Each structure stands twice: as C-alpha cells, then as structure tokens.
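K.L.:
Have a peek at upload.cif (mmCIF, C-alpha atoms).
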data_data
#
loop_
_atom_site.label_atom_id
_atom_site.label_comp_id
_atom_site.auth_asym_id
_atom_site.auth_seq_id
_atom_site.Cartn_x
_atom_site.Cartn_y
_atom_site.Cartn_z
CA MET A 1 -81.28 35.58 26.90
CA ALA A 2 -78.40 36.72 29.06
CA ASN A 3 -75.90 35.57 26.44
CA LEU A 4 -77.80 37.50 23.78
CA LEU A 5 -77.68 40.67 25.88
CA LYS A 6 -73.94 40.20 26.34
CA ILE A 7 -73.46 40.18 22.56
CA PHE A 8 -75.32 43.48 22.15
CA THR A 9 -73.42 45.17 24.96
CA LYS A 10 -69.97 43.98 23.95
CA ASP A 11 -67.40 46.59 23.08
CA SER A 12 -66.99 45.18 19.55
CA PHE A 13 -70.73 45.44 18.85
CA VAL A 14 -70.84 49.04 20.08
CA LEU A 15 -67.85 49.95 17.91
CA ALA A 16 -69.45 48.36 14.84
CA LEU A 17 -72.74 50.16 15.49
CA VAL A 18 -71.00 53.52 15.90
CA SER A 19 -68.99 52.85 12.72
CA ILE A 20 -72.21 52.26 10.78
CA ILE A 21 -73.73 55.49 12.11
CA LEU A 22 -70.58 57.45 11.24
CA GLY A 23 -70.57 55.94 7.75
CA LEU A 24 -74.20 56.94 7.18
CA LEU A 25 -73.46 60.45 8.48
CA LEU A 26 -70.47 60.79 6.17
CA GLY A 27 -72.65 59.66 3.27
CA ALA A 28 -75.16 62.32 4.26
CA VAL A 29 -72.42 64.97 4.23
CA VAL A 30 -71.38 63.87 0.73
CA MET A 31 -74.99 64.14 -0.42
CA LEU A 32 -75.28 67.66 1.04
CA ILE A 33 -72.09 68.70 -0.74
CA GLY A 34 -73.55 67.32 -3.99
CA GLY A 35 -76.78 69.24 -3.46
CA TYR A 36 -78.96 66.27 -2.49
CA ASP A 37 -81.28 65.85 0.49
CA PRO A 38 -79.93 62.93 2.58
CA ILE A 39 -83.21 62.47 4.47
CA VAL A 40 -85.13 62.02 1.22
CA ALA A 41 -82.38 59.78 -0.16
CA TYR A 42 -82.23 57.45 2.84
CA SER A 43 -86.04 57.36 3.06
CA ALA A 44 -86.20 56.32 -0.60
CA LEU A 45 -83.51 53.69 0.01
CA PHE A 46 -85.31 51.99 2.90
CA SER A 47 -88.69 52.37 1.20
CA ARG A 48 -87.31 50.52 -1.82
CA VAL A 49 -86.27 47.55 0.33
CA TYR A 50 -89.08 47.36 2.86
CA GLY A 51 -91.89 49.11 0.99
CA ASP A 52 -93.47 46.03 -0.64
CA SER A 53 -93.19 42.25 -0.53
CA TYR A 54 -91.51 41.85 -3.95
CA ASN A 55 -88.63 44.19 -3.22
CA PHE A 56 -88.26 42.77 0.27
CA GLY A 57 -87.96 39.27 -1.20
CA GLU A 58 -85.42 40.47 -3.76
CA ALA A 59 -83.43 42.18 -1.02
CA ILE A 60 -83.30 38.89 0.90
CA ARG A 61 -82.12 37.23 -2.30
CA GLU A 62 -79.38 39.87 -2.53
CA MET A 63 -78.30 39.24 1.06
CA THR A 64 -78.05 35.44 0.81
CA PRO A 65 -74.78 35.07 -1.15
CA LEU A 66 -73.27 37.88 0.92
CA ILE A 67 -73.92 35.88 4.11
CA LEU A 68 -72.05 32.89 2.72
CA THR A 69 -69.11 34.72 1.14
CA GLY A 70 -68.85 36.78 4.34
CA LEU A 71 -68.75 33.56 6.38
CA ALA A 72 -66.09 32.22 4.00
CA PHE A 73 -63.76 35.13 4.67
CA ALA A 74 -64.54 35.26 8.40
CA PHE A 75 -63.92 31.53 8.92
CA ALA A 76 -60.49 31.69 7.30
CA ALA A 77 -59.69 34.88 9.22
CA ARG A 78 -60.42 33.14 12.52
CA ALA A 79 -57.77 30.60 11.54
CA GLY A 80 -55.27 33.34 10.74
CA LEU A 81 -55.73 33.15 6.96
CA PHE A 82 -56.69 35.87 4.48
CA ASN A 83 -58.99 34.17 2.00
CA ILE A 84 -59.34 36.73 -0.76
CA GLY A 85 -60.26 33.91 -3.15
CA GLY A 86 -63.96 33.77 -2.34
CA GLU A 87 -64.69 35.03 -5.85
CA GLY A 88 -63.03 32.05 -7.53
CA GLN A 89 -64.54 29.60 -5.05
CA PHE A 90 -67.96 31.18 -5.67
CA LEU A 91 -67.59 30.66 -9.44
CA VAL A 92 -66.26 27.11 -9.19
CA GLY A 93 -69.08 26.14 -6.83
CA MET A 94 -71.58 27.74 -9.18
CA THR A 95 -70.20 25.81 -12.16
CA ALA A 96 -70.17 22.46 -10.35
CA ALA A 97 -73.80 22.95 -9.27
CA SER A 98 -74.75 23.99 -12.82
CA ILE A 99 -73.26 20.88 -14.42
CA VAL A 100 -74.92 18.55 -11.90
CA GLY A 101 -78.19 20.45 -12.25
CA ILE A 102 -78.08 20.32 -16.06
CA LYS A 103 -76.55 16.96 -16.90
CA LEU A 104 -78.27 14.60 -14.46
CA HIS A 105 -81.71 13.55 -15.69
CA GLY A 106 -84.51 11.56 -14.15
CA LEU A 107 -83.59 12.12 -10.52
CA PRO A 108 -86.26 13.06 -7.96
CA ALA A 109 -85.96 16.58 -6.56
CA ILE A 110 -85.20 15.27 -3.06
CA ILE A 111 -81.98 13.75 -4.46
CA HIS A 112 -81.10 16.02 -7.39
CA ALA A 113 -81.18 19.40 -5.61
CA PRO A 114 -79.13 18.27 -2.56
CA LEU A 115 -76.65 16.58 -4.91
CA ALA A 116 -76.16 19.81 -6.86
CA ILE A 117 -75.74 21.77 -3.61
CA ILE A 118 -73.17 19.27 -2.31
CA ALA A 119 -71.27 19.44 -5.62
CA GLY A 120 -71.07 23.23 -5.39
CA ALA A 121 -69.94 23.08 -1.76
CA VAL A 122 -67.30 20.38 -2.30
CA PHE A 123 -65.76 21.90 -5.41
CA GLY A 124 -65.69 25.36 -3.81
CA GLY A 125 -63.94 23.79 -0.81
CA LEU A 126 -61.44 21.91 -2.94
CA TRP A 127 -60.64 25.07 -4.90
CA ALA A 128 -59.83 26.88 -1.65
CA ALA A 129 -57.93 23.86 -0.30
CA ILE A 130 -55.41 24.21 -3.14
CA ALA A 131 -54.35 27.58 -1.74
CA GLY A 132 -54.35 26.08 1.76
CA TYR A 133 -52.12 23.20 0.66
CA LEU A 134 -49.64 25.52 -1.04
CA LYS A 135 -49.58 27.66 2.11
CA ALA A 136 -49.06 24.67 4.41
CA LYS A 137 -46.58 22.65 2.37
CA ARG A 138 -44.68 25.29 0.40
CA GLY A 139 -45.16 28.46 2.42
CA VAL A 140 -46.82 30.25 -0.51
CA ASN A 141 -48.74 33.33 0.64
CA GLU A 142 -52.45 32.54 0.35
CA VAL A 143 -53.29 36.08 -0.81
CA ILE A 144 -51.18 35.73 -3.95
CA THR A 145 -52.46 32.22 -4.65
CA CYS A 146 -56.09 33.18 -4.13
CA ILE A 147 -55.86 36.22 -6.40
CA MET A 148 -54.42 34.09 -9.22
CA MET A 149 -57.00 31.36 -8.65
CA ASN A 150 -59.83 33.90 -8.87
CA TRP A 151 -58.90 34.49 -12.52
CA ILE A 152 -58.35 30.79 -13.18
CA GLY A 153 -61.77 30.08 -11.65
CA LEU A 154 -63.45 32.68 -13.87
CA TYR A 155 -62.01 31.37 -17.11
CA LEU A 156 -62.40 27.73 -16.08
CA ALA A 157 -66.10 28.36 -15.36
CA ASN A 158 -66.54 29.97 -18.79
CA LEU A 159 -64.67 27.12 -20.48
CA VAL A 160 -66.80 24.44 -18.82
CA ILE A 161 -70.07 26.18 -19.72
CA ASN A 162 -68.92 26.82 -23.31
CA GLN A 163 -67.83 23.23 -23.81
CA PHE A 164 -70.51 21.26 -22.00
CA ALA A 165 -73.67 23.27 -21.34
CA LEU A 166 -73.92 26.26 -23.69
CA LEU A 167 -77.36 27.25 -24.95
CA GLN A 168 -77.03 27.54 -28.73
CA GLY A 169 -76.97 31.15 -29.89
CA GLU A 170 -76.86 32.51 -26.33
CA ASN A 171 -74.10 33.59 -23.97
CA ARG A 172 -75.33 31.34 -21.18
CA SER A 173 -75.93 27.73 -20.26
CA VAL A 174 -79.11 25.81 -20.81
CA ASP A 175 -81.51 25.81 -17.87
CA ILE A 176 -80.99 23.38 -15.00
CA GLN A 177 -83.45 20.52 -14.62
CA PRO A 178 -86.58 21.49 -12.65
CA SER A 179 -85.70 18.78 -10.11
CA ALA A 180 -82.48 20.69 -9.24
CA SER A 181 -84.27 23.94 -8.44
CA ILE A 182 -84.37 25.14 -4.82
CA SER A 183 -86.77 28.02 -5.47
CA ILE A 184 -89.69 28.31 -3.04
CA GLU A 185 -92.52 28.64 -5.56
CA TRP A 186 -95.37 29.17 -3.11
CA LEU A 187 -93.50 31.87 -1.20
CA SER A 188 -92.35 33.49 -4.44
CA GLN A 189 -95.98 33.80 -5.61
CA MET A 190 -96.94 35.34 -2.27
CA MET A 191 -94.15 37.92 -2.67
CA GLY A 192 -94.94 39.00 -6.22
CA ASN A 193 -92.60 36.46 -7.90
CA ALA A 194 -89.54 37.53 -5.91
CA ARG A 195 -86.72 35.00 -6.38
CA VAL A 196 -86.68 33.58 -2.86
CA HIS A 197 -85.15 30.14 -2.29
CA TRP A 198 -84.11 27.62 0.36
CA GLY A 199 -80.52 28.81 0.17
CA THR A 200 -81.38 31.64 2.54
CA VAL A 201 -82.37 29.17 5.25
CA ILE A 202 -79.20 27.15 4.65
CA ALA A 203 -77.10 30.35 4.83
CA VAL A 204 -78.49 31.17 8.28
CA LEU A 205 -77.88 27.58 9.41
CA ALA A 206 -74.33 27.89 8.07
CA ALA A 207 -73.76 30.84 10.43
CA VAL A 208 -75.00 28.72 13.33
CA PHE A 209 -72.69 25.89 12.25
CA PHE A 210 -69.79 28.36 12.06
CA TYR A 211 -70.41 29.44 15.66
CA ILE A 212 -70.84 25.93 17.07
CA PHE A 213 -67.89 24.47 15.17
CA MET A 214 -65.49 27.31 15.91
CA TRP A 215 -66.33 27.91 19.59
CA LYS A 216 -67.82 24.65 20.85
CA THR A 217 -65.64 21.91 19.33
CA LYS A 218 -62.07 20.73 19.74
CA GLN A 219 -61.36 21.20 16.03
CA GLY A 220 -62.61 24.76 16.15
CA TYR A 221 -60.39 25.44 19.16
CA GLU A 222 -57.39 24.14 17.22
CA LEU A 223 -58.21 26.33 14.22
CA ARG A 224 -58.45 29.42 16.41
CA ALA A 225 -55.24 28.47 18.22
CA VAL A 226 -53.42 28.12 14.89
CA GLY A 227 -54.79 31.51 13.89
CA PHE A 228 -53.44 33.12 17.07
CA ASN A 229 -49.99 31.54 17.05
CA GLN A 230 -48.79 28.75 14.77
CA ASP A 231 -45.56 28.13 16.67
CA ALA A 232 -47.31 27.75 20.02
CA SER A 233 -49.93 25.48 18.43
CA ARG A 234 -47.23 23.30 16.91
CA TYR A 235 -45.46 23.13 20.29
CA ALA A 236 -48.76 22.04 21.88
CA GLY A 237 -48.91 19.09 19.48
CA MET A 238 -51.40 20.44 16.94
CA ASN A 239 -51.01 19.62 13.25
CA VAL A 240 -50.71 23.17 11.91
CA ASN A 241 -50.51 22.23 8.22
CA ARG A 242 -53.60 20.04 8.40
CA ASN A 243 -55.55 22.79 10.17
CA ILE A 244 -54.56 25.35 7.52
CA VAL A 245 -55.86 23.12 4.72
CA LYS A 246 -58.99 22.28 6.76
CA ALA A 247 -59.74 25.95 7.43
CA MET A 248 -59.39 26.87 3.76
CA PHE A 249 -61.54 23.92 2.68
CA ILE A 250 -64.41 24.83 5.02
CA SER A 251 -64.04 28.48 4.02
CA GLY A 252 -64.32 27.47 0.37
CA VAL A 253 -67.40 25.35 1.13
CA PHE A 254 -69.25 28.48 2.27
CA ALA A 255 -68.27 30.40 -0.89
CA GLY A 256 -69.11 27.42 -3.11
CA LEU A 257 -72.57 27.23 -1.55
CA ALA A 258 -73.12 30.90 -2.38
CA GLY A 259 -72.39 30.21 -6.04
CA ALA A 260 -74.54 27.07 -6.10
CA PHE A 261 -77.55 28.91 -4.69
CA GLU A 262 -77.31 31.65 -7.31
CA VAL A 263 -77.78 29.04 -10.05
CA LEU A 264 -80.16 26.65 -8.32
CA GLY A 265 -82.35 29.24 -6.61
CA VAL A 266 -82.14 32.52 -8.53
CA PHE A 267 -81.24 32.32 -12.23
CA HIS A 268 -81.52 28.57 -13.01
CA TYR A 269 -78.72 28.97 -15.55
CA GLN A 270 -75.13 30.19 -15.60
CA SER A 271 -73.88 33.03 -17.79
CA VAL A 272 -70.58 33.14 -19.64
CA MET A 273 -69.06 36.08 -17.78
CA ALA A 274 -66.81 38.81 -19.14
CA GLY A 275 -65.66 39.61 -15.60
CA SER A 276 -66.10 38.50 -12.03
CA PRO A 277 -69.49 39.30 -10.44
CA GLY A 278 -67.81 40.68 -7.31
CA THR A 279 -69.84 38.68 -4.79
CA GLY A 280 -66.74 37.16 -3.21
CA PHE A 281 -65.14 40.56 -2.76
CA ASP A 282 -68.35 42.00 -1.30
CA GLY A 283 -68.25 39.15 1.20
CA ILE A 284 -64.94 40.50 2.51
CA ALA A 285 -66.63 43.83 3.23
CA VAL A 286 -69.53 42.05 4.95
CA ALA A 287 -67.10 40.05 7.13
CA LEU A 288 -65.24 43.21 8.10
CA ILE A 289 -68.50 44.96 9.01
CA GLY A 290 -69.46 41.86 11.05
CA MET A 291 -65.96 41.82 12.64
CA ASN A 292 -65.50 38.16 11.59
CA ASN A 293 -68.25 36.98 13.92
CA PRO A 294 -70.83 34.67 12.23
CA PHE A 295 -73.80 36.52 13.69
CA GLY A 296 -72.10 39.82 12.93
CA VAL A 297 -71.80 38.60 9.33
CA LEU A 298 -75.57 38.01 9.27
CA LEU A 299 -76.19 41.57 10.43
CA GLY A 300 -73.52 42.90 8.07
CA SER A 301 -75.14 41.18 5.11
CA VAL A 302 -78.50 42.70 6.03
CA LEU A 303 -76.90 46.16 6.08
CA PHE A 304 -74.87 45.60 2.90
CA GLY A 305 -77.80 44.03 1.05
CA THR A 306 -80.15 46.80 2.14
CA LEU A 307 -77.76 49.50 1.00
CA THR A 308 -76.86 47.92 -2.35
CA TYR A 309 -80.38 46.85 -3.32
CA GLY A 310 -81.97 50.03 -1.97
CA SER A 311 -79.53 52.27 -3.84
CA ALA A 312 -81.63 51.81 -7.00
CA GLY A 313 -84.66 53.26 -5.22
CA MET A 314 -82.52 56.11 -3.97
CA SER A 315 -81.50 56.82 -7.55
CA PHE A 316 -85.00 56.67 -9.04
CA SER A 317 -86.95 58.39 -6.26
CA ALA A 318 -84.44 60.95 -4.98
CA ASP A 319 -82.22 61.33 -8.09
CA VAL A 320 -79.16 60.52 -5.98
CA PRO A 321 -76.32 58.65 -7.75
CA PRO A 322 -76.17 55.04 -6.47
CA GLU A 323 -72.36 55.32 -6.32
CA ILE A 324 -72.79 57.32 -3.10
CA ILE A 325 -73.80 54.06 -1.41
CA ARG A 326 -70.34 52.71 -2.16
CA ILE A 327 -68.94 55.76 -0.36
CA VAL A 328 -71.15 54.92 2.63
CA ILE A 329 -70.06 51.26 2.65
CA GLY A 330 -66.41 52.23 2.25
CA SER A 331 -66.74 54.74 5.09
CA ILE A 332 -68.26 52.10 7.40
CA ILE A 333 -65.38 49.72 6.67
CA PHE A 334 -62.89 52.54 7.20
CA PHE A 335 -64.31 53.38 10.62
CA ILE A 336 -64.37 49.70 11.62
CA ALA A 337 -60.72 49.39 10.57
CA ALA A 338 -59.75 52.66 12.26
CA GLN A 339 -61.16 51.78 15.67
CA GLY A 340 -59.02 54.42 17.35
CA ILE A 341 -61.19 57.12 15.76
CA VAL A 342 -64.39 55.37 16.83
CA ARG A 343 -63.12 54.86 20.37
CA TRP A 344 -62.35 58.58 20.54
CA VAL A 345 -65.93 59.33 19.47
CA VAL A 346 -67.51 57.02 22.05
CA LYS A 347 -65.03 57.81 24.84
CA PRO A 348 -67.28 60.49 26.46
CA LEU A 349 -70.11 57.93 26.67
CA TYR A 350 -67.90 55.37 28.40
CA SER A 351 -66.57 58.04 30.78
CA LYS A 352 -70.10 59.08 31.68
CA ARG A 353 -71.08 55.45 32.31
CA LYS A 354 -68.10 54.95 34.65
CA LYS A 355 -69.01 58.08 36.64
CA GLU A 356 -72.58 56.84 37.02
CA LYS A 357 -71.32 53.48 38.33
CA VAL A 358 -69.08 55.22 40.86
CA LEU A 359 -71.96 57.35 42.10
#
Produce structure tokens that represent the structure in this file.

P.N.:
Amino acid sequence: MANLLKIFTKDSFVLALVSIILGLLLGAVVMLIGGYDPIVAYSALFSRVYGDSYNFGEAIREMTPLILTGLAFAFAARAGLFNIGGEGQFLVGMTAASIVGIKLHGLPAIIHAPLAIIAGAVFGGLWAAIAGYLKAKRGVNEVITCIMMNWIGLYLANLVINQFALLQGENRSVDIQPSASISIEWLSQMMGNARVHWGTVIAVLAAVFFYIFMWKTKQGYELRAVGFNQDASRYAGMNVNRNIVKAMFISGVFAGLAGAFEVLGVFHYQSVMAGSPGTGFDGIAVALIGMNNPFGVLLGSVLFGTLTYGSAGMSFSADVPPEIIRIVIGSIIFFIAAQGIVRWVVKPLYSKRKKEKVL
C-alpha cells in the first residue's frame, strides 16, 4: 500500500495529471471559441463510455490494443530505442494470428487459440528485431528502419491475405476457426454483445510483466543501463548489441499481441487495408501520456480510449466535432513534453507545501 501511495505522489504522476487537466481545459477553450458548451460536450463524452454496459464493453475493447502498443513503445524507450514501428509489428502480428487461426483445422480451442496468439507475438517480435539487428550490427537508425518497415508490413499483410485467405468477392479474409476465437461469449451477452475478449486480461498481465522484467530482473537492469549509456554498459561488460535486439524483440511482441487480439477477439477476420489503422501510432501517444511507465500506460490507455470512443457520443449528443478530441489529446502530449510549463503552473502548490512543512 505504501508503494502504491508513492506512485500517486511522485513528481512524474503529478505532472502527468496536471498535463491532462490542462489539455482538457484547452479543449474546453477551443469549444467555447467554436460556440460549443464544453460542459455538455464532456458530459456527453463520458456518458457515451460509462452510460451503459455495451458502450463500456466497447470502450474496453478500444483500450486493449492501445495498452499493448503503448507498452511496445515504452519498453523500447526504456532501453534507449525509439520504436516507431509498432504499426508494422501490429499488422504482422495480426496477419500471423489470422493465418494460424484460419488454416489450422481440427485443433481444440485450448491449443488453437494460444497457438494463434503465440504466432502473432513471435512474428511481431521478429519484425521488430530486424530493426534492432540493423541498429546493433550496422548502426542504422531504428526510426528510419521502422518507418520503412511499417509500409512493408502493411503491403505484406495485404499480400498474404490476398494470396492465402481471401474471402471470394470480399475485401477481407475468411473467418478464423471458432476454436481460435478468444471472445468471452458469456460476458459479451451480459454486456449487450460488446466485443470483449481475453486479450484485455493478457494486456494487463503484460504491463505487470513489463514492470517485473524491467525493474526486478538482471536482464531488465541491463536493458535500462544500455538505454542510459551504451558506452558505460559496454565498459561494464554488458553485450550492448544483444540487448538492443532483445529490447526490440520484446517490444515487437507487445505490438504483435495487439494485432493478434484484434483478429482473434474482435473481428474474427482480417481486412485488406488501403492504409494503416493507426493503432501503433496511437500507442506512442499513450506511452507518452503514461511517461513510459507500464502502469502509466494502463492509465494512459484508459484516458485515450475514453476520449476516442466517447468522441462519437460528444458528436451525436452535443453536436461537437469529434476532431476536437484530437486537439485535447495533442494538447495533453504537448504539456507532458513541455514539462517546464507544467512545473511553472504547479510551482505555487509546491511552494505552499514547503512552507507548511517548515511551519
């Protein structure tokens, strides 16, 4: 309990909370300028998400891939890497899970579903490891590599679906086998057929794994050390190149899981996409809001998912353009990045607290 209280009183948590408040206030100002009532708009937004069980379940479904793609970016960032390739890893993991879910027949669900999940995780990890290997062995900047591999991943995913799993006359794959589904049918029926699935539980466990691995194990210590200073880590006897590849692989595993769960738990098929869905890029925003802390990513995904899913209710009930939510999210990220502004805002509070301690 004491450790939990420490998290909520840490300077980083306070700064993130103030940044969120400032972002919401700036969004309210934009609404006022546009002639909209921000109180009505925000009320409609939260009512959309938490007003009934169906929309609440769908909001959770919206948050799940954001948790994992946020963890993907945050994990790499802790190792000093900028994994902007979560989008490609998401798509490759999705495609691997789709093929396993579609092509394997006659397997019991207890084997088929985990096998499809593992396939998505491994292929997402391997896709990220390519960028890690090029960074470690050839010194190629991972940002450039990841951006290029996002496009390769998109078109490779479309090629695989077109060649091996296309539903005739449709722009999507055939459905996965029922044994590969991870939907929670009984809970879905209770929540008005919301598309809830076991991936949400696994995503939360992934955040716990992130924390334990990164802060409680020797390997996690090495990854963080490499992220702080590669030269010092090398001098201390650590294998820097191996840790770079390892960090990118684990990062890609998170993103690959996000893609796998979208197929196995939500849609049960994969579309041939004209463009990237954007989930990997949204994960970067979630990680920044969560300040690259796994539990911060969980909270960031709740905020991001609430705002994005609730924006439709804001549009229908309050006639406020949903694009304003993007302004709010962008403002939150801006304030988190520009911590000097936030510190200036909260400085009077810290000064008051110090005076009280002195007295």

K.L.:
For this file, the PyMOL selection byres ((chain A and resi 21-35) around 7) selects which residues, as an mmCIF file with C-alpha atoms, keeping the file's coordinate frame?

P.N.:
data_model
loop_
_atom_site.group_PDB
_atom_site.id
_atom_site.type_symbol
_atom_site.label_atom_id
_atom_site.label_comp_id
_atom_site.auth_asym_id
_atom_site.auth_seq_id
_atom_site.Cartn_x
_atom_site.Cartn_y
_atom_site.Cartn_z
ATOM 1 C CA LEU A 17 -72.740 50.160 15.490
ATOM 2 C CA VAL A 18 -71.000 53.520 15.900
ATOM 3 C CA SER A 19 -68.990 52.850 12.720
ATOM 4 C CA ILE A 20 -72.210 52.260 10.780
ATOM 5 C CA TYR A 36 -78.960 66.270 -2.490
ATOM 6 C CA ASP A 37 -81.280 65.850 0.490
ATOM 7 C CA PRO A 38 -79.930 62.930 2.580
ATOM 8 C CA ILE A 324 -72.790 57.320 -3.100
ATOM 9 C CA ILE A 327 -68.940 55.760 -0.360
ATOM 10 C CA VAL A 328 -71.150 54.920 2.630
ATOM 11 C CA ILE A 329 -70.060 51.260 2.650
ATOM 12 C CA SER A 331 -66.740 54.740 5.090
ATOM 13 C CA ILE A 332 -68.260 52.100 7.400
#

K.L.:
I'd like to see the residues matched by the PyMOL selection byres ((chain A and resi 143) around 12) on this file, and ideally I'd get them as a list in words.

P.N.:
Phe73, Ala76, Ala77, Leu81, Phe82, Asn83, Ile84, Gly85, Gly86, Ala128, Ala131, Gly132, Leu134, Lys135, Gly139, Val140, Asn141, Glu142, Ile144, Thr145, Cys146, Ile147, Met148, Met149, Asn150 and Met248 of chain A

K.L.:
So for region 167-179 of chain A, what box centre and size do we get, axis-aligned, 3 Å extra on each of the six sides, every listed atom, Å to one decimal, as lines of an AutoDock Vina configuration file?

P.N.:
center_x = -80.3
center_y = 26.2
center_z = -20.0
size_x = 18.5
size_y = 20.8
size_z = 25.8

K.L.:
Name the residues that the PyMOL selection byres ((chain A and resi 220) around 12) picks from the file above, as a VMD selection string, using the file's chain letters and numbers.

P.N.:
chain A and resid 75 to 76 78 to 79 209 to 219 221 to 227 243 to 244 246 to 247 250

K.L.:
Create the file for the chosen residues now, containing C-alpha atoms and written as a PDB file, in the frame of the given file.

P.N.:
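Saved to result-v2.pdb:
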ATOM      1  CA  PHE A  75     -63.920  31.530   8.920  1.00  0.00           C
ATOM      2  CA  ALA A  76     -60.490  31.690   7.300  1.00  0.00           C
ATOM      3  CA  ARG A  78     -60.420  33.140  12.520  1.00  0.00           C
ATOM      4  CA  ALA A  79     -57.770  30.600  11.540  1.00  0.00           C
ATOM      5  CA  PHE A 209     -72.690  25.890  12.250  1.00  0.00           C
ATOM      6  CA  PHE A 210     -69.790  28.360  12.060  1.00  0.00           C
ATOM      7  CA  TYR A 211     -70.410  29.440  15.660  1.00  0.00           C
ATOM      8  CA  ILE A 212     -70.840  25.930  17.070  1.00  0.00           C
ATOM      9  CA  PHE A 213     -67.890  24.470  15.170  1.00  0.00           C
ATOM     10  CA  MET A 214     -65.490  27.310  15.910  1.00  0.00           C
ATOM     11  CA  TRP A 215     -66.330  27.910  19.590  1.00  0.00           C
ATOM     12  CA  LYS A 216     -67.820  24.650  20.850  1.00  0.00           C
ATOM     13  CA  THR A 217     -65.640  21.910  19.330  1.00  0.00           C
ATOM     14  CA  LYS A 218     -62.070  20.730  19.740  1.00  0.00           C
ATOM     15  CA  GLN A 219     -61.360  21.200  16.030  1.00  0.00           C
ATOM     16  CA  TYR A 221     -60.390  25.440  19.160  1.00  0.00           C
ATOM     17  CA  GLU A 222     -57.390  24.140  17.220  1.00  0.00           C
ATOM     18  CA  LEU A 223     -58.210  26.330  14.220  1.00  0.00           C
ATOM     19  CA  ARG A 224     -58.450  29.420  16.410  1.00  0.00           C
ATOM     20  CA  ALA A 225     -55.240  28.470  18.220  1.00  0.00           C
ATOM     21  CA  VAL A 226     -53.420  28.120  14.890  1.00  0.00           C
ATOM     22  CA  GLY A 227     -54.790  31.510  13.890  1.00  0.00           C
ATOM     23  CA  ASN A 243     -55.550  22.790  10.170  1.00  0.00           C
ATOM     24  CA  ILE A 244     -54.560  25.350   7.520  1.00  0.00           C
ATOM     25  CA  LYS A 246     -58.990  22.280   6.760  1.00  0.00           C
ATOM     26  CA  ALA A 247     -59.740  25.950   7.430  1.00  0.00           C
ATOM     27  CA  ILE A 250     -64.410  24.830   5.020  1.00  0.00           C
TER      28      ILE A 250
END

K.L.:
Tell me which protein, DNA and RNA residues are within 12 Å of Ala207 (chain A), counting all atoms listed in the file, leaving out same-chain ones fewer than 3 positions away, and put them as a ChimeraX atom specification.

P.N.:
/A:64,66-72,74-75,200-204,210-214,251,254,287,290,292-299,301

K.L.:
Which residues of region 228-290 of chain A come within 9 Å of region 155-172 of chain A, and for each one, what is the closest pair of atoms and their distance in Å to one decimal, counting only C-alpha atoms, sorted by chain and residue number, as a Markdown table?

P.N.:
| residue | atom | partner | partner_atom | distance |
| --- | --- | --- | --- | --- |
| A:Tyr269 | CA | A:Arg172 | CA | 7.0 |
| A:Gln270 | CA | A:Arg172 | CA | 5.7 |
| A:Ser271 | CA | A:Arg172 | CA | 4.1 |
| A:Val272 | CA | A:Asn158 | CA | 5.2 |
| A:Met273 | CA | A:Asn158 | CA | 6.7 |
| A:Ala274 | CA | A:Asn158 | CA | 8.9 |

K.L.:
Taking (-68.4, 38.2, -5.1) as a centre in this file's frame and 10 Å as the limit, can you find every polymer residue with an atom that close, using only C-alpha atoms, and give them as a PyMOL selection string?

P.N.:
chain A and resi 65-66+69-70+85-91+255+258-259+276-284

K.L.:
Could you state the separation of CA of Phe46 (chain A) and CA of Thr306 (chain A) in Å, given to one decimal place?

P.N.:
7.4 Å

K.L.:
For Ile184 (chain A), which of A:Val245, A:Ala59, A:Ile111, A:Leu264 is the closest residue, counting all atoms listed in the file?

P.N.:
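For Ile184 (chain A), the nearest of the given residues is A:Leu264.
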
K.L.:
Mind dumping a table of every region 266-335 of chain A residue within 12 Å of region 192-199 of chain A, with the nearest atom pair and its distance in Å to one decimal, using all atoms listed in the file, sorted by chain and rising number, as CSV?

P.N.:
residue,atom,partner,partner_atom,distance
A:Val266,CA,A:Arg195,CA,5.6
A:Phe267,CA,A:Arg195,CA,8.5
A:His268,CA,A:Arg195,CA,10.6

K.L.:
Distance CA of Gly300 (chain A)-CA of Ile152 (chain A), one decimal place?

P.N.:
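Spanning CA of Gly300 (chain A) to CA of Ile152 (chain A) is a straight-line distance of 28.8 Å.
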
K.L.:
Quick check, in Å to one decimal: how far apart do CA of Gly124 (chain A) and CA of Leu154 (chain A) lie?

P.N.:
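Between these atoms lies a distance of 12.6 Å.
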
K.L.:
Counting all atoms listed in the file, which residue out of A:Pro178, A:Gly93, A:Pro322, A:Pro108 sits closest to Val253 (chain A)?

P.N.:
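That would be A:Gly93, the residue with the smallest distance to Val253 (chain A).
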